[in-house]
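Participant: Take a look at this one; I'll ask things after.
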Amino acid sequence: MGGDKNSGGSNKMDKAAGKIAMDYYNQTDPMRQQMIGNYGNFMEGGYDVSQNPVWGAGRGVIEDQYNVARENTIGASPRGGALTDQLAGVEESRAGALGNLAANVSQDEYNKAYGMATGVPQQSMGTLTTLAGNQAMANSQEQAGKYGALGGMGQGLGMYLGSK
């Protein structure tokens with residue numbers, strides 16, 4: 001029957017998709033578990049922002065810019081009170097940039113933790129609903145094929161008996 005071939009092909013694709021999903025899930029599990037642990041520490045207040053990779057990269061850029069600004073200020077300003085004031089401004093800018101970086105890293109961690117906590121259940125339920133719908137449709141098509149075949153046999157039998 002043609003319907004059986006289609007449902008078999010669909011079943012093969014479902015199995016292949018399920019295998020790919022499980023392989024991907026298993027491969028990413030160690031990273032996911034680490035992230036979940038980090039998010040738990042963050043939400044409990046025990047997270048050190050300076051251990052985040054984003055912090056290191058951002059701080060490096062801020063420190064490089066600070067050193068350039070400091071050297072430019074020293075080279076372009078006369079000695080004395082004006083130089084001291086300008087260097088204080090450079091230090092203030094550095095401190096503000098580092099504070100903003102810490103706030104941005106923290107906000108990013110919060111957003112990711114929130115997204116994981118609220119988005120994952122929705123995605124999981126959506127996937128399960130889609131799979132259940134696909135299974136129901138395949139079952140419906142299989143039943144329709146069976147009933148169609150029986151109806152065709154009945155029609156043929158009726159035509160045969162009617163011709164006698």
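Chain labels run A, B, ... following the order of the structure tokens; each chain numbers its residues from 1, and ligands are numbered from 1 in the order shown.
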Compile the contact shell of Met35 of chain A as a PyMOL selection string: residues with an atom at most 10 Å away, counting only C-alpha atoms, same-chain residues fewer than 4 positions apart removed.
Facilitator: chain A and resi 29-31+39-41+109+112-113+116
Participant: Using C-alpha atoms, can you write the selected residues to a file as a compact mmCIF listing (two decimals), in the first residue's frame?
Facilitator:
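This is the output file out.txt:
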```txt
# COMPACT_ATOMS: atom_id res chain seq x y z
CA ASP A 29 25.06 18.32 28.21
CA PRO A 30 28.40 19.05 29.97
CA MET A 31 28.32 22.71 28.88
CA TYR A 39 23.30 30.55 36.75
CA GLY A 40 22.42 29.01 40.10
CA ASN A 41 25.51 30.62 41.68
CA GLU A 109 23.95 36.50 32.98
CA LYS A 112 20.40 34.09 30.09
CA ALA A 113 19.34 32.51 33.38
CA MET A 116 16.78 29.28 30.31
```
Participant: Near segment 94-108 of chain A, within 8 Å and counting only C-alpha atoms, which residues show up once chain neighbours fewer than 6 positions away are dropped, as a PyMOL selection string?
Facilitator: chain A and resi 49-50+52+54-55+58-59+62-63+66
Participant: Those residues you just picked out, can you put them in a file as an mmCIF file, in the first residue's frame with C-alpha atoms?
Facilitator:
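Output (result20.cif):
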```cif
data_model
loop_
_atom_site.group_PDB
_atom_site.id
_atom_site.type_symbol
_atom_site.label_atom_id
_atom_site.label_comp_id
_atom_site.auth_asym_id
_atom_site.auth_seq_id
_atom_site.Cartn_x
_atom_site.Cartn_y
_atom_site.Cartn_z
ATOM 1 C CA VAL A 49 31.732 38.425 37.360
ATOM 2 C CA SER A 50 35.489 38.633 36.809
ATOM 3 C CA ASN A 52 33.217 35.383 33.051
ATOM 4 C CA VAL A 54 33.315 38.402 28.581
ATOM 5 C CA TRP A 55 34.830 40.247 31.543
ATOM 6 C CA GLY A 58 36.097 43.670 27.891
ATOM 7 C CA ARG A 59 38.583 44.568 30.599
ATOM 8 C CA ILE A 62 39.259 49.092 28.647
ATOM 9 C CA GLU A 63 42.793 48.775 30.050
ATOM 10 C CA TYR A 66 43.103 53.639 29.580
#
```
Participant: Would you compute the distance between atom CA of Glu142 of chain A and atom CA of Thr130 of chain A? Give it in Å to one decimal.
Facilitator: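 Rounded to one decimal, the two atoms are 18.4 Å apart.
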Participant: Taking only C-alpha atoms into account, name the residue in A:Gly133, A:Lys12, A:Gln86, A:Ile36 that is nearest to Gly115 of chain A.
Facilitator: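 Among the listed residues, the smallest separation from Gly115 of chain A belongs to A:Ile36.
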Participant: For each of A:Tyr25, A:Gln65, A:Gly56, A:Met137, take the minimum atom-to-atom distance to Asn11 of chain A, counting only C-alpha atoms, then give the residue where this is smallest.
Facilitator: A:Met137
Participant: Restricting the calculation to only C-alpha atoms, which member of A:Thr73, A:Asp48, A:Ala132, A:Asn111 is positioned closest to Gly89 of chain A?
Facilitator: A:Thr73
